[in-house]
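Okay, structure first, notes after.
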Amino acid sequence: MSEANNAHNVSYLDYKGHYKGLFAWIFSTDHKRIGLLYLYTMLFFFSVAAILGLLMKTQLIAPGYTIMGPQTYNSLFTLHGIIMIFIIVVPGLPAVFGNFFLPIMIGAKDVAFPRLNLLSWWLYIIGILIVLTSQFMGDGPPDTGWTFYAPYSFRTPTNVLPAVFGAFVMGFSSILTGINFVVTIHRMRAPGMTWFKMPLFPWTLYGTAWIQILATPVIGITLLLIVAERLMGIGIFDPALGGDPILYQHLFWIYSHPAVYIMILPGMGAISEIIPVFSRKTIFGYKAIVLSTMAIAFVGYFVWGHHMFTSGMSGRALFAFSFLTFIVAIPSAIKVFNWVSTMHKGSLIMQTPFYWAISFIFVFMIGGLTGLVLGSLATNIHVHDTHFVVAHFHFIVFGGTGYAFMAALHYWFPKMYGRMYDMSWANLGWGIFFIGFLTLYLPMFYLGILGMPRRYYDYLPDFHGGNIISSLGAWVMISGIIIIFANLIRSARHGQKITEKNPWGGKTLEWQVDTPPTLENFDEIPTIVKGPYEFED
Amino acid sequence: MSEEKHHIVSYKTHFFVLVALLILTTTSVLITRLEMGPLNTAAAMLIAGTKAAIVLAWFMHLKFESRLFLLMVSAVIVLFILVIIVTFFDYSYR
Amino acid sequence: MIEHRDDLGAKMGMWLFIFTELLLFGMLFLVYAVYRSMHPEAFKLAGEELDVALGTLNTVILLISSMTVAMSISAIQKGNKNLALALLGVTIFIAVVFLVNKYFEWGVKFEYGFQPGGAELLELGQGTILFFGLYFIMTGIHALHILIGIGLFIYVYWQVKIDKIHQTDYVWLENTGLYWHLVDLIWIFLFPLFYLIH
């Protein structure tokens, strides 16, 4: 028994510990299994939220009532936002790939606090369940949007309370992950792995973890105040009692803007891992990428007001936030420059992870540049709360975090499962998805400039043409997603088995351990002498 | 691991820290009885800040921990103060 | 599970958690600052409704409890288990007294109808309503943290008693102590801002 279950002989997938069956997974403190638990939960809820999106786009294919009325539409975009933001992209790469690969990439056997890690996932699940109750109780699913703006969020009779409280619980999941990763990175790097020999994905996890620790409590208390407002009429955001609804927006965005850096930084880290491998060339400007990561994490705390330009803030605040928003764009641009420079005169390997990585750069740039349109006061007034904003954040969050997540998944898949996916189907799925994505979201920029508002179930006939194209694009994109998911799910169970430790020719530590890794990752903790991206020749 | 030699703070030191805190508390109660307008708040906050620094340094052992902890605490406090300042770009200039 | 002991790492984790609490309460202080800047006179007058003597008493005993828990750590480090237990006992006692005082304080306010949504409160101006709303939220969440602290100290007391916490392994005590000092720190700022502005 102990022979077969030896922590050093058996893959983490087959390891038999104290528990059996499902319990061996949901009570496991193995960071790799916890990463997969997050992955499966996210894939499920992503599918749910994607279907909600599809329903919304179907409603919008023509003016007027198509398949639903305004109340249903409002509930749909609220739930779509809550799921996508709190359940998918905020946990995002850290929860899946951070959990799975951070210890391995720094030469450790697990994270600093494995039991807290499991607790993180449980809090995540409990939070989700609480949010779900909001959909099925008597007063109807919340219709406030995922932003829960006051005073509507405490005046609406819909079930805001469980939605908000569920998000509060999920916040603790995020905080615990952040604490775990900061301590892990400080205390558990292998001998010889100085800070500047650490690969870039762990660096981004470090910056992200600090944001998780320092920003999440802000949304925590803000949501608690909404609960207090609904239950006790405390008056903090109620203009009738002297409260200021704009203060709610300040508090909400003081978290939710740094949250977008939680979403994107690890994505950028994954891209920084993939591009050197598929260019057979060391990353251009390692230190610049590290410093720009920390700069984004820091400056990102001070730009939140750009979500509030039309809310009624003072002129001085408007100028300050616009200026700071332009500043924070600079480090992101530096990264794009570094990625492109890495590829320049590299020996490019055109395979699935690389397709995701370069399409990431493309859509992220569109998202980022349109962000400047939004960050600029004069143009913001015209496009705020229009579909221009919707397009922008789908390019930068779905395009950014989403594509990076897919890139990471296709890159690390063989290591995680000891199987390879079908590359032809993966590439076909990517291609169809990419075309669908652009068809779905590009018209929204134009519609927004024309004046089509967001969060409306109806629109003027002038906007009909663009909406037809966009809604058809949604169907194409979903087809791509189905192909991609089907390929991955099938391959995880029946794909070609591989034991090759380094199928892509990477230089970081995860490509030196077994495929799939054993329970403790390493038989012996390695001693590090080189930097992480040294490609000879 | 716990190989570091743990610095033990004497009971006497802890007691003197308490005395300092109580003196500061008394001062802040008395000082706010005077009418000094906006200086009242400034004085009260200054005293509270000093008390906090003393609690952090001695009771919470920051004075004897590795520099890293002091760096982290300072960074967090700076960040928080900056967030307040930026928020007041709105409220002070409406 | 892979066993590894890292006391410094555990302490670091505790400090990171403390940062989350600083931000949580910090935002409430931000809300206070915003509304005080909008209603300075109302806040001053409302502050006079609070009992300075009781507030000062609570401040003093909480500071003493910070000392006793810090001393209990020194005691454990010196191997003096009984002294550690006695000091922890005093800490728990003080925490309970603090909550009892709070109960009476709040009771008085409830009698006046100053609780959130109270009829008498709603008669008064917006600044006063905001002041008392913040007062109850902030002292309430603070009191909740005291309650959690009591629970933690009871657990730690028991662990010391059965020698699970001892001279060469007292991480739990140290980290609970840090938590308690945080609770003290919050009160150090709550006290002047609510009780001493008049």
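Residue numbers start at 1 in each chain; chains themselves are named A, B, ... in the order of the structure tokens; ligands are numbered from 1 in the order shown.
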
With chain C as the partner and 8 Å as the cut-off, tabulate the residues of chain A that qualify, each row holding the nearest pair of atoms and their distance in Å to one decimal, using only C-alpha atoms, sorted by chain and rising number, as a tab-separated table.
residue	atom	partner	partner_atom	distance
A:Thr29	CA	C:Met1	CA	6.5
A:Asp30	CA	C:Met1	CA	7.3
A:Lys109	CA	C:Ile2	CA	7.7
A:Asp110	CA	C:Ile2	CA	7.6
A:Ala112	CA	C:Gly9	CA	7.4
A:Pro114	CA	C:Met1	CA	7.9
A:Ile175	CA	C:Thr20	CA	7.9
A:Ile179	CA	C:Gly13	CA	6.0
A:Asn180	CA	C:Gly13	CA	7.3
A:Val183	CA	C:Gly9	CA	6.0
A:Arg187	CA	C:Gly9	CA	6.5
A:Ile213	CA	C:Thr20	CA	5.9
A:Leu214	CA	C:Thr20	CA	5.8
A:Ala215	CA	C:Leu23	CA	7.7
A:Thr216	CA	C:Thr20	CA	7.8
A:Pro217	CA	C:Leu24	CA	5.0
A:Val218	CA	C:Leu24	CA	5.7
A:Gly220	CA	C:Leu24	CA	7.3
A:Ile221	CA	C:Leu24	CA	5.9
A:Met232	CA	C:Pro116	CA	5.9
A:Gly233	CA	C:Gly117	CA	5.6
A:Ile234	CA	C:Pro116	CA	5.1
A:Gly235	CA	C:Leu130	CA	6.3
A:Ile236	CA	C:Leu130	CA	6.3
A:Leu241	CA	C:Gln126	CA	5.3
A:Gly242	CA	C:Gln126	CA	4.7
A:Gly243	CA	C:Leu130	CA	7.2
A:Leu247	CA	C:Val31	CA	7.7
A:Leu251	CA	C:Met27	CA	7.7
A:Glu520	CA	C:Ile2	CA	7.7

Listing only residues of chain C within 6 Å of chain B, what is the closest atom pair and its distance in Å (to one decimal) for each, using only C-alpha atoms, sorted by chain and residue number ascending, as JSON lines?
{"residue": "C:Arg5", "atom": "CA", "partner": "B:Met1", "partner_atom": "CA", "distance": 5.8}
{"residue": "C:Asp6", "atom": "CA", "partner": "B:Met1", "partner_atom": "CA", "distance": 4.5}
{"residue": "C:Asp7", "atom": "CA", "partner": "B:Met1", "partner_atom": "CA", "distance": 5.8}
{"residue": "C:Ala70", "atom": "CA", "partner": "B:Phe59", "partner_atom": "CA", "distance": 5.8}
{"residue": "C:Met71", "atom": "CA", "partner": "B:Tyr11", "partner_atom": "CA", "distance": 5.9}
{"residue": "C:Ser74", "atom": "CA", "partner": "B:Ile8", "partner_atom": "CA", "distance": 5.9}
{"residue": "C:Leu178", "atom": "CA", "partner": "B:Met60", "partner_atom": "CA", "distance": 5.9}
{"residue": "C:Leu185", "atom": "CA", "partner": "B:Ala52", "partner_atom": "CA", "distance": 5.9}
{"residue": "C:Ile188", "atom": "CA", "partner": "B:Ala48", "partner_atom": "CA", "distance": 6.0}
{"residue": "C:Phe189", "atom": "CA", "partner": "B:Ala48", "partner_atom": "CA", "distance": 6.0}

How close does each residue of chain B get to chain A, giving the shortest atom pair and distance in Å to one decimal for every residue with an atom at most 6 Å away, counting only C-alpha atoms, sorted by chain and residue number, as JSON lines?
{"residue": "B:Phe89", "atom": "CA", "partner": "A:Ala317", "partner_atom": "CA", "distance": 4.9}
{"residue": "B:Asp90", "atom": "CA", "partner": "A:Ser314", "partner_atom": "CA", "distance": 4.9}
{"residue": "B:Tyr93", "atom": "CA", "partner": "A:Ser314", "partner_atom": "CA", "distance": 5.6}
{"residue": "B:Arg94", "atom": "CA", "partner": "A:Ser314", "partner_atom": "CA", "distance": 4.7}

Which of these, C:Trp158, C:Phe98, C:Phe93, C:Phe43, has the shortest distance to Gly55 of chain C once you count only C-alpha atoms?
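The answer is C:Phe98, which sits nearest to Gly55 of chain C.
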
Contacts of segment 322-332 of chain A within 7 Å, only C-alpha atoms, excl. fewer than 6 positions in-chain, as a VMD selection string
chain A and resid 292 295 to 296 299 to 300 302 to 303 306 372 375 to 377

Hey, what does DSSP flag as alpha helix (DSSP H) within chain B? Can you give it to me as a VMD selection string?
chain B and resid 11 to 31 38 to 54 67 to 91

d(atom CA of Met444 of chain A, atom CA of Asn74 of chain A) in Å
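Distance reported for this atom pair: 18.6 Å.
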
What lies within 8 Å of Trp180 of chain C using only C-alpha atoms, ignoring chain neighbours under 2 positions off, as number ranges by chain?
C: 66, 146, 149, 176-178, 182-184

Gly98 of chain A surroundings by only C-alpha atoms, 10 Å radius, close-in-sequence under 5 positions cut, as a list in words
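Once the nearby chain positions are removed, what remains is His31, Lys32, Gly35, Pro91, Gly92, Leu93, Pro103, Ile104, Met105, Val111, Thr177, Phe181, Phe201, Pro202, Thr204, Leu205, Tyr206, Pro266 and Ala270 of chain A.
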
Restricting it to N, CA and C atoms, dump the selection as a CSV table (one decimal), in the first residue's frame.
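again-v2.csv written:
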chain,number,residue,atom,x,y,z
A,31,HIS,N,-1.9,21.5,-3.3
A,31,HIS,CA,-2.2,22.8,-4.1
A,31,HIS,C,-2.6,22.4,-5.5
A,32,LYS,N,-2.1,21.3,-6.0
A,32,LYS,CA,-2.4,21.0,-7.4
A,32,LYS,C,-3.9,20.6,-7.6
A,35,GLY,N,-6.0,23.6,-7.2
A,35,GLY,CA,-6.0,24.4,-8.5
A,35,GLY,C,-7.1,23.8,-9.5
A,91,PRO,N,-10.8,35.4,-9.2
A,91,PRO,CA,-10.0,34.3,-8.8
A,91,PRO,C,-9.1,33.9,-10.0
A,92,GLY,N,-9.6,33.8,-11.2
A,92,GLY,CA,-8.9,33.6,-12.4
A,92,GLY,C,-7.6,32.8,-12.4
A,93,LEU,N,-6.6,33.4,-13.0
A,93,LEU,CA,-5.3,32.6,-13.1
A,93,LEU,C,-4.7,32.3,-11.7
A,103,PRO,N,4.1,26.9,-6.4
A,103,PRO,CA,5.1,26.2,-5.6
A,103,PRO,C,6.1,25.6,-6.5
A,104,ILE,N,5.7,24.9,-7.6
A,104,ILE,CA,6.6,24.2,-8.4
A,104,ILE,C,7.6,25.2,-9.1
A,105,MET,N,7.1,26.3,-9.5
A,105,MET,CA,8.0,27.3,-10.2
A,105,MET,C,9.0,27.9,-9.3
A,111,VAL,N,2.2,25.3,-0.9
A,111,VAL,CA,2.2,26.7,-0.5
A,111,VAL,C,2.5,26.8,1.0
A,177,THR,N,-6.0,33.6,-0.4
A,177,THR,CA,-5.1,33.3,-1.4
A,177,THR,C,-3.9,34.3,-1.5
A,181,PHE,N,0.0,33.4,-0.9
A,181,PHE,CA,1.0,33.6,-2.0
A,181,PHE,C,2.2,34.5,-1.6
A,201,PHE,N,5.9,34.8,-13.9
A,201,PHE,CA,4.6,34.4,-13.5
A,201,PHE,C,4.5,34.5,-12.0
A,202,PRO,N,5.4,34.0,-11.2
A,202,PRO,CA,5.4,34.2,-9.7
A,202,PRO,C,5.5,35.7,-9.4
A,204,THR,N,4.2,38.2,-11.0
A,204,THR,CA,2.9,38.8,-11.1
A,204,THR,C,2.0,38.3,-10.0
A,205,LEU,N,2.1,37.0,-9.6
A,205,LEU,CA,1.3,36.5,-8.6
A,205,LEU,C,1.6,37.3,-7.3
A,206,TYR,N,2.8,37.7,-7.1
A,206,TYR,CA,3.2,38.5,-5.9
A,206,TYR,C,2.5,39.8,-5.9
A,266,PRO,N,-1.6,38.5,-13.5
A,266,PRO,CA,-1.2,37.1,-13.7
A,266,PRO,C,-1.3,36.6,-15.1
A,270,ALA,N,1.6,35.0,-17.3
A,270,ALA,CA,1.5,33.7,-18.1
A,270,ALA,C,2.0,34.0,-19.5

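Atom CA of Ala75 of chain B to atom CA of Met188 of chain A spans 22.6 Å [interatomic distance, one decimal].
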
Please list as number ranges by chain every residue within 12 Å of Leu161 of chain A, counting only C-alpha atoms and excluding residues in the same chain fewer than 5 positions away.
A: 130-135, 137, 139-144, 148, 153-156, 166-168, 223-231
